[in-house]
Structure formats: structure tokens, C-alpha cells
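input34.txt, holding compact mmCIF, C-alpha atoms:
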```txt
# COMPACT_ATOMS: atom_id res chain seq x y z
CA MET G 1 62.10 -42.70 20.74
CA THR G 2 60.02 -45.78 19.92
CA ILE G 3 56.41 -45.90 21.08
CA THR G 4 54.70 -49.26 21.36
CA GLN G 5 50.97 -49.89 20.85
CA GLY G 6 48.99 -49.15 24.04
CA GLU G 7 51.92 -47.49 25.82
CA LEU G 8 51.07 -44.38 27.87
CA VAL G 9 53.14 -41.49 26.60
CA PRO G 10 53.34 -38.06 28.25
CA LEU G 11 51.84 -35.62 25.77
CA VAL G 12 52.23 -31.88 25.47
CA LEU G 13 49.20 -30.22 23.90
CA HIS G 14 49.54 -27.35 21.47
CA PRO G 15 48.91 -24.10 23.39
CA ALA G 16 45.88 -23.30 21.20
CA LEU G 17 44.15 -26.40 22.61
CA ALA G 18 45.29 -26.06 26.20
CA LYS G 19 45.02 -22.31 26.72
CA TYR G 20 41.66 -21.17 25.37
CA TYR G 21 38.08 -21.94 26.29
CA LEU G 22 36.31 -22.68 23.02
CA THR G 23 32.54 -22.50 22.68
CA LEU G 24 30.86 -25.39 20.89
CA ASP G 25 28.07 -24.34 18.52
CA ILE G 26 26.31 -26.95 16.44
CA SER G 27 23.56 -24.61 15.27
CA SER G 28 25.54 -23.28 12.28
CA GLN G 29 25.46 -26.16 9.82
CA GLY G 30 28.39 -26.82 7.50
CA VAL G 31 30.67 -24.18 8.98
CA ASP G 32 34.25 -25.25 9.56
CA HIS G 33 35.07 -23.69 12.92
CA ASP G 34 38.55 -22.28 13.20
CA TYR G 35 37.78 -20.36 16.41
CA GLY G 36 39.64 -17.35 15.04
CA LEU G 37 42.99 -19.11 15.32
CA PRO G 38 45.72 -18.22 12.82
CA ASN G 39 46.41 -20.78 10.08
CA GLU G 40 49.88 -21.55 11.46
CA GLU G 41 48.30 -22.66 14.75
CA LEU G 42 45.51 -24.64 13.05
CA THR G 43 48.00 -26.60 10.94
CA SER G 44 50.44 -27.23 13.81
CA PRO G 45 50.67 -30.67 15.45
CA ALA G 46 48.05 -30.96 18.19
CA ILE G 47 50.39 -32.88 20.48
CA ASP G 48 54.06 -33.46 21.03
CA PRO G 49 55.26 -36.05 20.29
CA PRO G 50 53.15 -36.02 17.09
CA MET G 51 50.84 -39.01 16.63
CA SER G 52 48.56 -40.23 13.85
CA SER G 53 45.55 -40.57 16.20
CA LEU G 54 44.42 -39.21 19.53
CA LYS G 55 41.70 -40.37 21.94
CA LEU G 56 39.74 -37.64 23.74
CA GLU G 57 37.77 -38.59 26.84
CA ASN G 58 35.14 -36.61 28.69
CA HIS G 59 33.80 -37.54 32.10
CA GLN G 60 31.00 -34.97 32.35
CA GLY G 61 28.25 -36.76 30.47
CA TYR G 62 29.49 -36.98 26.90
CA PRO G 63 28.41 -40.45 25.78
CA GLN G 64 31.71 -41.74 24.41
CA SER G 65 35.36 -41.05 23.72
CA ILE G 66 36.25 -39.21 20.52
CA ILE G 67 38.98 -40.63 18.30
CA VAL G 68 40.81 -38.01 16.23
CA GLN G 69 42.67 -39.24 13.15
CA ALA G 70 45.25 -37.20 11.28
CA SER G 71 43.62 -35.67 8.22
CA THR G 72 44.70 -37.09 4.89
CA GLU G 73 44.13 -33.70 3.29
CA SER G 74 46.47 -32.03 5.76
CA ASP G 75 49.82 -30.86 4.48
CA SER G 76 51.33 -31.69 7.85
CA PRO G 77 53.34 -34.91 8.05
CA ASP G 78 53.24 -34.42 11.82
CA GLY G 79 50.09 -36.38 12.56
CA VAL G 80 46.99 -34.94 14.22
CA THR G 81 46.77 -31.16 13.85
CA VAL G 82 44.93 -28.59 15.98
CA GLN G 83 42.41 -28.28 13.13
CA ASP G 84 41.87 -32.07 13.09
CA VAL G 85 40.99 -31.97 16.80
CA LEU G 86 38.60 -29.03 16.45
CA ARG G 87 36.91 -30.41 13.33
CA THR G 88 36.45 -33.88 14.85
CA ILE G 89 34.95 -32.52 18.08
CA ASN G 90 32.58 -30.33 16.08
CA GLU G 91 31.50 -33.23 13.83
CA ASP G 92 31.11 -35.69 16.70
CA SER G 93 29.01 -33.30 18.81
CA ARG G 94 26.51 -33.01 15.91
CA LYS G 95 25.97 -36.79 15.61
CA PRO G 96 22.57 -38.08 16.69
CA SER G 97 22.30 -39.91 19.97
CA ARG G 98 22.23 -43.68 19.67
CA ARG G 99 19.76 -45.91 21.44
CA ARG G 100 22.64 -47.66 23.23
CA GLU G 101 23.83 -44.32 24.69
CA TRP G 102 20.28 -43.36 25.68
CA THR G 103 19.48 -46.63 27.45
CA LYS G 104 22.55 -46.29 29.68
CA LEU G 105 21.01 -43.19 31.29
CA SER G 106 18.82 -43.16 34.38
CA ALA G 107 15.32 -41.65 34.11
CA GLU G 108 16.63 -38.46 35.75
CA GLU G 109 19.56 -38.22 33.32
CA ARG G 110 17.24 -38.80 30.34
CA ALA G 111 15.00 -35.97 31.52
CA ALA G 112 18.01 -33.63 31.83
CA VAL G 113 19.33 -34.54 28.35
CA ASP G 114 15.85 -34.15 26.87
CA GLY G 115 15.50 -30.74 28.53
CA SER G 116 18.83 -29.64 27.10
CA PHE G 117 17.80 -30.93 23.66
CA ARG G 118 14.48 -29.06 23.72
CA GLU G 119 16.18 -25.87 24.88
CA ARG G 120 18.77 -26.07 22.07
CA CYS G 121 16.29 -26.73 19.26
CA LYS G 122 14.72 -23.69 17.64
CA THR G 123 12.64 -25.37 14.91
CA GLU G 124 10.30 -28.33 14.50
CA GLU G 125 12.80 -29.80 12.03
CA GLU G 126 15.55 -29.81 14.70
CA LEU G 127 13.18 -31.35 17.23
CA GLY G 128 12.29 -34.06 14.71
CA GLN G 129 15.93 -35.12 14.43
CA GLY G 130 16.16 -36.05 18.09
CA PRO G 131 18.96 -35.39 20.61
CA CYS G 132 22.58 -35.05 19.48
CA ARG G 133 25.63 -36.02 21.48
CA ILE G 134 26.15 -32.42 22.59
CA ASP G 135 22.83 -32.61 24.44
CA TYR G 136 24.38 -35.12 26.86
CA LEU G 137 26.44 -32.21 28.18
CA ARG G 138 23.15 -30.70 29.40
CA GLY G 139 23.73 -27.18 28.16
CA ARG G 140 27.45 -27.03 28.83
CA ASN G 141 29.19 -25.70 25.74
CA LYS G 142 32.64 -24.64 26.87
CA LEU G 143 35.55 -26.72 25.75
CA GLN G 144 39.04 -26.79 27.18
CA ILE G 145 41.16 -29.71 26.17
CA LEU G 146 43.43 -30.79 28.98
CA PRO G 147 46.32 -33.20 28.97
CA ARG G 148 45.91 -36.25 31.18
CA LEU G 149 49.61 -36.65 31.81
CA SER G 150 52.28 -34.03 32.35
CA PRO G 151 55.44 -34.07 30.19
CA ASP G 152 57.19 -36.09 32.91
CA GLY G 153 54.41 -38.73 32.91
CA GLU G 154 52.64 -37.74 36.14
CA MET G 155 48.85 -37.57 36.33
CA LEU G 156 47.65 -33.97 36.35
CA PRO G 157 45.07 -32.65 38.85
CA ALA G 158 41.75 -31.33 37.60
CA PRO G 159 42.12 -27.64 36.75
CA GLU G 160 40.44 -24.77 38.55
CA ILE G 161 37.92 -23.18 36.20
CA PRO G 162 37.93 -19.36 36.43
CA GLU G 163 34.74 -17.93 37.94
CA GLU G 164 34.06 -15.73 34.88
CA VAL G 165 34.04 -18.81 32.63
CA LEU G 166 31.61 -20.60 34.93
CA ARG G 167 29.24 -17.63 34.76
CA GLU G 168 29.27 -17.78 30.92
CA GLY G 169 28.55 -21.54 30.83
CA SER G 170 30.05 -24.72 32.12
CA GLN G 171 33.19 -26.46 30.87
CA VAL G 172 32.98 -29.52 28.67
```

Written as C-alpha cells, how would this file's structure read?
Amino acid sequence: MTITQGELVPLVLHPALAKYYLTLDISSQGVDHDYGLPNEELTSPAIDPPMSSLKLENHQGYPQSIIVQASTESDSPDGVTVQDVLRTINEDSRKPSRRREWTKLSAEERAAVDGSFRERCKTEEELGQGPCRIDYLRGRNKLQILPRLSPDGEMLPAPEIPEEVLREGSQV
């Protein structure tokens, strides 16, 4: 199969990314989150067919798309791995908010993001760093990566989120 630049390709996500709700936590600095997944799942291709990069979009307040590149240190010749996806999301969520992202918000949205930021921060040092991208999710910290297209190329409907997950926190 030959894939051309910009062509929409039906992707199948690795079950570790599609099945579990993962909790984002940016409070533990420098920790490489493996979410308790076995090494064979972490080093598996994130998508089928394997690709060298993957664009993740969020339509619930996250300020921009996340581009995941296959790790050069990965032993996998199969492109983006599950670990690449998890590491990139974790790193991106820790990045400080940019003025451009902030100015796109309404006054009401700014107040909500600021409230989330102040609730997340536990120290004066954290407060001094300003809001991070995760604060745009306004306290939501559950992550479930969902494919946009089914294996046959059809758009997929938005999933039903189980009630017990909603009680724990909202989905990213």
C-alpha cells in the first residue's frame, strides 16, 4: 500500500491507547509515565498501518493539536509507538500557555482556565510559572485516545463515556 502526503488513511489504534482511560498528572516532574503498561505494549506501534508521525486533536479546550513523532531512541522500526504517544502527551500538557492561545479565549473562558490553574498549583513557585496547556482542559484529566476513522474509512461517532468515569473526572 502506498500512502500519499495528506491522504486520509483509516487507522487502527493499539488497544492500550483505545481501551484504557489514562489519568494525566503533570505534578510529578521528570517521571516517564508508563501507566503500568507492559514493555511489549509500550514498544508496540501506536497505529496500524505504522506511521512516522501522528496528529492528535482535542476539541474540548486543549489549545492546539499535538504532533507525535516516532522516537529516534526507539528500537521499533514501526514508527510511532504507544510510549511515543504517551510521552508526547505528557510533555505537551506541561508546556506553558502561550499568549496567542490565551488571547483566543473569551473573558469567561480565561476565568475558567485561571481557576483550573489556581486549583492545580500547590506552591507559590508553580503559581509563578503561569498556566500550562493542561489548564485549558479546566480540571479534566482523563485521557482516552479515540480513532477518528474506522478501519473501513468511515467517521466514528463520539463514544459514550461510562458513568463511573465521569464521576472520577471528565474525559480529555

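Going from CA of Ser93 (chain G) to CA of Pro38 (chain G) covers 23.3 Å.
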
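With distances taken over all atoms listed in the file, G:Asp34 is the one residue among G:Asp34, G:Thr103, G:Pro96, G:Gln129 lying closest to Asp84 (chain G).
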
Note to self: Using all atoms listed in the file for the distances, tell me which of G:Asn58, G:Ser53, G:Thr81, G:Thr88 is nearest to Glu41 (chain G).
What the structure shows: G:Thr81

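Take CA of Leu137 (chain G) and CA of Ala16 (chain G): the distance between them is 22.5 Å.
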
Margin query: Between CA of Gln83 (chain G) and CA of Cys121 (chain G), what distance in Å does the model show, to one decimal?
Written below: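 Distance between the two atoms: 26.9 Å.
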
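Closest approach to Lys104 (chain G) from the set G:Glu57, G:Gln64, G:Thr23, G:Pro50 is made by G:Gln64, with distances taken over all atoms listed in the file.
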
Next item on the list: Using all atoms listed in the file, find the one residue out of G:Pro63, G:Gly79, G:Gly115, G:Pro131 that sits nearest to Ser44 (chain G).
Entry: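 Looking only at the distances to Ser44 (chain G), the closest residue turns out to be G:Gly79.
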